[in-house]
Amino acid sequence: MAPEVINTVELMQAHAPGSRRAVVMTMGALHAGHAELMRIARERVGPTGELLVTVFVNPLQFGPGEDFERYPRTWRHDLDVCRQEGVDAVFVPVADDMYAQGRDITIDPGPLGGILEGAVRPGHFAGVLTVVAKLMNLTRPDVAVFGEKDYQQLVLIKRMVAQLNLRVEVVGAPTLREDDGLALSSRNGYLGESDRAAAAAIPAAISAAKRTASAGAGAGDVAAAATAVLAGRAGIVTDYVAVTDPELGPPPHQGPARILIAARVGTPRLLDNAAVVLGAS
């Protein structure tokens with residue numbers, strides 16, 4: 001059965017949930033990773049709950065010269081994925097409707113919005129948090145599911161929900177990977193054959209970091225292991241390799257941490273991350 005398509009803010013506001021509602025927010029170009037988020041969301045609300053997906057390429061989170069115009073838009077395919085996953089409704093607004101009242105008020109992501117991705121893409125997380133808050137307000141979910149691939153985004157969304165007392169449970173879903181280990185992403189479609197071969201260094205760097213951490217190393221050695229893999233591969237320009245605590249603060253001497261990588265391979269920027277445990281041996 002095809003999902004109901006809701007294409008205006010007014011109709012979304014009138015679409016009252018009859019039971020528990022789970023939301024998966026996307027920018028379209030749906031792939032197996034998105035489908036997995038939908039399955040997790042369905043599990044959270046059960047067969048009698050409502051599963052709603054949003055498809056919106058948000059202009060507020062793209063900076064000058066970024067790929068807003070080029071970002072893939074595959075509506076027929078996206079709707080088919082939603083149908084296959086038993087989605088009940090899809091909210092697909094346009095920017096003029098979403099921002100009809102203006103764009104001058106945004107959500108400040110705080111200090112964590114200025115590091116890592118925020119340092120490379122100034123203003124990006126203000127755009128992300130603003131649209132996520134707007135979509136939460138419009139869709140009124142009990143549960144919202146986001147992928148861990150965009151780990152900094154997930155941490156900031158959880159902080160926003162907690163600090164603004166929003167009544168929604170934010171669930172992080174593990175990253176799905178392609179056969180060569182590359183984290184699933186809509187931007188993988190931009191990669192040519194040679195770029196794809198070069199991009200395999202990113203999951204290889206994650207694996208090297210995890211092995212180094214498992215041997216009992218600290219944050220500096222873990223980051224160095226990942227950096228060495230990336231530095232040895234032509235075609236990759238590394239934006240950052242960072243080891244933090246799970247909340248993106250300074251890494252502990254011992255205990256749970258996160259390795260985060262961003263690198264350019266050809267035109268696209270690719271992100272990856274993984275949980276590690278420092279100083280374990």
# chains A, B, ... in the order shown; residues from 1 in each chain; ligands from 1

call {"tool": "closest_atom_pairs", "arguments": {"of": "segment 155-215 of chain A", "to": "segment 143-147 of chain A", "cutoff": "6 Å", "atoms": "only C-alpha atoms", "output": "CSV"}}
result
residue,atom,partner,partner_atom,distance
A:Val168,CA,A:Val143,CA,5.4
A:Glu169,CA,A:Val143,CA,4.7
A:Val170,CA,A:Ala144,CA,5.0
A:Val171,CA,A:Val145,CA,4.7
A:Gly172,CA,A:Phe146,CA,5.2
A:Ala173,CA,A:Gly147,CA,4.7

call {"tool": "select_by_dssp", "arguments": {"residues": "segment 30-275 of chain A", "states": "alpha helix (DSSP H)", "output": "JSON, numbers by chain"}}
result
{"A": [32, 33, 34, 35, 36, 37, 38, 39, 40, 41, 42, 43, 44, 45, 75, 76, 77, 78, 79, 80, 81, 82, 83, 84, 95, 96, 97, 98, 117, 118, 119, 120, 124, 125, 126, 127, 128, 129, 130, 131, 132, 133, 134, 135, 136, 137, 138, 139, 151, 152, 153, 154, 155, 156, 157, 158, 159, 160, 161, 162, 163, 193, 194, 195, 196, 197, 198, 199, 201, 202, 203, 204, 205, 206, 207, 208, 209, 210, 211, 212, 213, 214, 219, 220, 221, 222, 223, 224, 225, 226, 227, 228, 229, 230, 231]}

call {"tool": "residues_around", "arguments": {"residues": "Ala29 of chain A", "least_positions_apart": "6", "cutoff": "7 Å", "atoms": "only C-alpha atoms", "output": "PDB file with N, CA and C atoms, in the first residue's frame"}}
result
ATOM      1  N   PRO A  72      21.296  14.930  -4.989  1.00  0.00           N
ATOM      2  CA  PRO A  72      20.373  14.074  -5.762  1.00  0.00           C
ATOM      3  C   PRO A  72      18.937  14.136  -5.248  1.00  0.00           C
ATOM      4  N   ARG A  73      18.017  14.271  -6.176  1.00  0.00           N
ATOM      5  CA  ARG A  73      16.585  14.290  -5.870  1.00  0.00           C
ATOM      6  C   ARG A  73      15.928  13.178  -6.673  1.00  0.00           C
ATOM      7  N   THR A  74      15.475  12.148  -5.976  1.00  0.00           N
ATOM      8  CA  THR A  74      14.999  10.919  -6.624  1.00  0.00           C
ATOM      9  C   THR A  74      13.627  10.554  -6.051  1.00  0.00           C
ATOM     10  N   ASP A  78      12.373   7.327  -4.000  1.00  0.00           N
ATOM     11  CA  ASP A  78      12.188   7.501  -2.560  1.00  0.00           C
ATOM     12  C   ASP A  78      10.808   7.011  -2.118  1.00  0.00           C
ATOM     13  N   SER A 186      24.222   9.010   0.593  1.00  0.00           N
ATOM     14  CA  SER A 186      23.718   9.457  -0.698  1.00  0.00           C
ATOM     15  C   SER A 186      24.846  10.034  -1.553  1.00  0.00           C
TER      16      SER A 186
END

call {"tool": "atom_distance", "arguments": {"atom1": "atom CA of Ala197 of chain A", "atom2": "atom CA of Ile236 of chain A"}}
result
10.4 Å

call {"tool": "residues_around", "arguments": {"residues": "Phe91 of chain A", "least_positions_apart": "6", "cutoff": "9 Å", "atoms": "only C-alpha atoms", "output": "JSON list (two decimals) with C-alpha atoms, in the first residue's frame"}}
result
[["chain", "number", "residue", "atom", "x", "y", "z"],
["A", 4, "GLU", "CA", -0.01, 9.01, 2.14],
["A", 5, "VAL", "CA", 1.86, 11.98, 0.65],
["A", 6, "ILE", "CA", 1.65, 15.23, 2.63],
["A", 7, "ASN", "CA", 3.12, 18.13, 0.69],
["A", 8, "THR", "CA", 2.29, 21.29, 2.64],
["A", 9, "VAL", "CA", 2.96, 22.57, 6.14],
["A", 12, "MET", "CA", 1.08, 18.27, 8.04],
["A", 52, "LEU", "CA", 6.30, 8.92, 8.98],
["A", 53, "VAL", "CA", 9.25, 9.88, 6.77],
["A", 54, "THR", "CA", 10.20, 13.43, 5.84],
["A", 55, "VAL", "CA", 11.93, 14.20, 2.53],
["A", 56, "PHE", "CA", 13.31, 17.73, 2.42],
["A", 139, "THR", "CA", 5.31, 16.06, 12.81]]

call {"tool": "decode", "arguments": {"residues": "segment 149-165 of chain A", "atoms": "N, CA and C atoms", "output": "compact mmCIF listing (two decimals), in the first residue's frame"}}
result
# COMPACT_ATOMS: atom_id res chain seq x y z
N LYS A 149 26.06 7.60 11.40
CA LYS A 149 27.08 8.03 10.44
C LYS A 149 27.37 9.52 10.59
N ASP A 150 26.32 10.31 10.74
CA ASP A 150 26.48 11.74 11.01
C ASP A 150 26.49 11.93 12.53
N TYR A 151 27.60 11.52 13.13
CA TYR A 151 27.62 11.38 14.58
C TYR A 151 27.52 12.72 15.30
N GLN A 152 28.24 13.72 14.82
CA GLN A 152 28.18 15.03 15.46
C GLN A 152 26.75 15.58 15.40
N GLN A 153 26.10 15.40 14.26
CA GLN A 153 24.71 15.81 14.12
C GLN A 153 23.83 15.12 15.15
N LEU A 154 24.02 13.82 15.33
CA LEU A 154 23.22 13.06 16.30
C LEU A 154 23.43 13.59 17.71
N VAL A 155 24.67 13.83 18.09
CA VAL A 155 24.96 14.35 19.43
C VAL A 155 24.29 15.71 19.64
N LEU A 156 24.38 16.58 18.64
CA LEU A 156 23.78 17.91 18.77
C LEU A 156 22.26 17.85 18.81
N ILE A 157 21.65 16.97 18.04
CA ILE A 157 20.19 16.83 18.09
C ILE A 157 19.75 16.35 19.48
N LYS A 158 20.46 15.38 20.04
CA LYS A 158 20.11 14.91 21.38
C LYS A 158 20.25 16.03 22.41
N ARG A 159 21.30 16.83 22.28
CA ARG A 159 21.48 17.95 23.22
C ARG A 159 20.37 18.98 23.06
N MET A 160 20.01 19.28 21.82
CA MET A 160 18.93 20.24 21.59
C MET A 160 17.62 19.75 22.19
N VAL A 161 17.29 18.50 21.96
CA VAL A 161 16.03 17.94 22.48
C VAL A 161 16.02 17.99 24.00
N ALA A 162 17.15 17.66 24.62
CA ALA A 162 17.21 17.68 26.08
C ALA A 162 17.12 19.10 26.63
N GLN A 163 17.89 20.02 26.04
CA GLN A 163 17.95 21.37 26.60
C GLN A 163 16.70 22.20 26.31
N LEU A 164 16.01 21.89 25.22
CA LEU A 164 14.78 22.61 24.90
C LEU A 164 13.53 21.88 25.39
N ASN A 165 13.75 20.78 26.14
CA ASN A 165 12.63 20.03 26.73
C ASN A 165 11.61 19.59 25.69
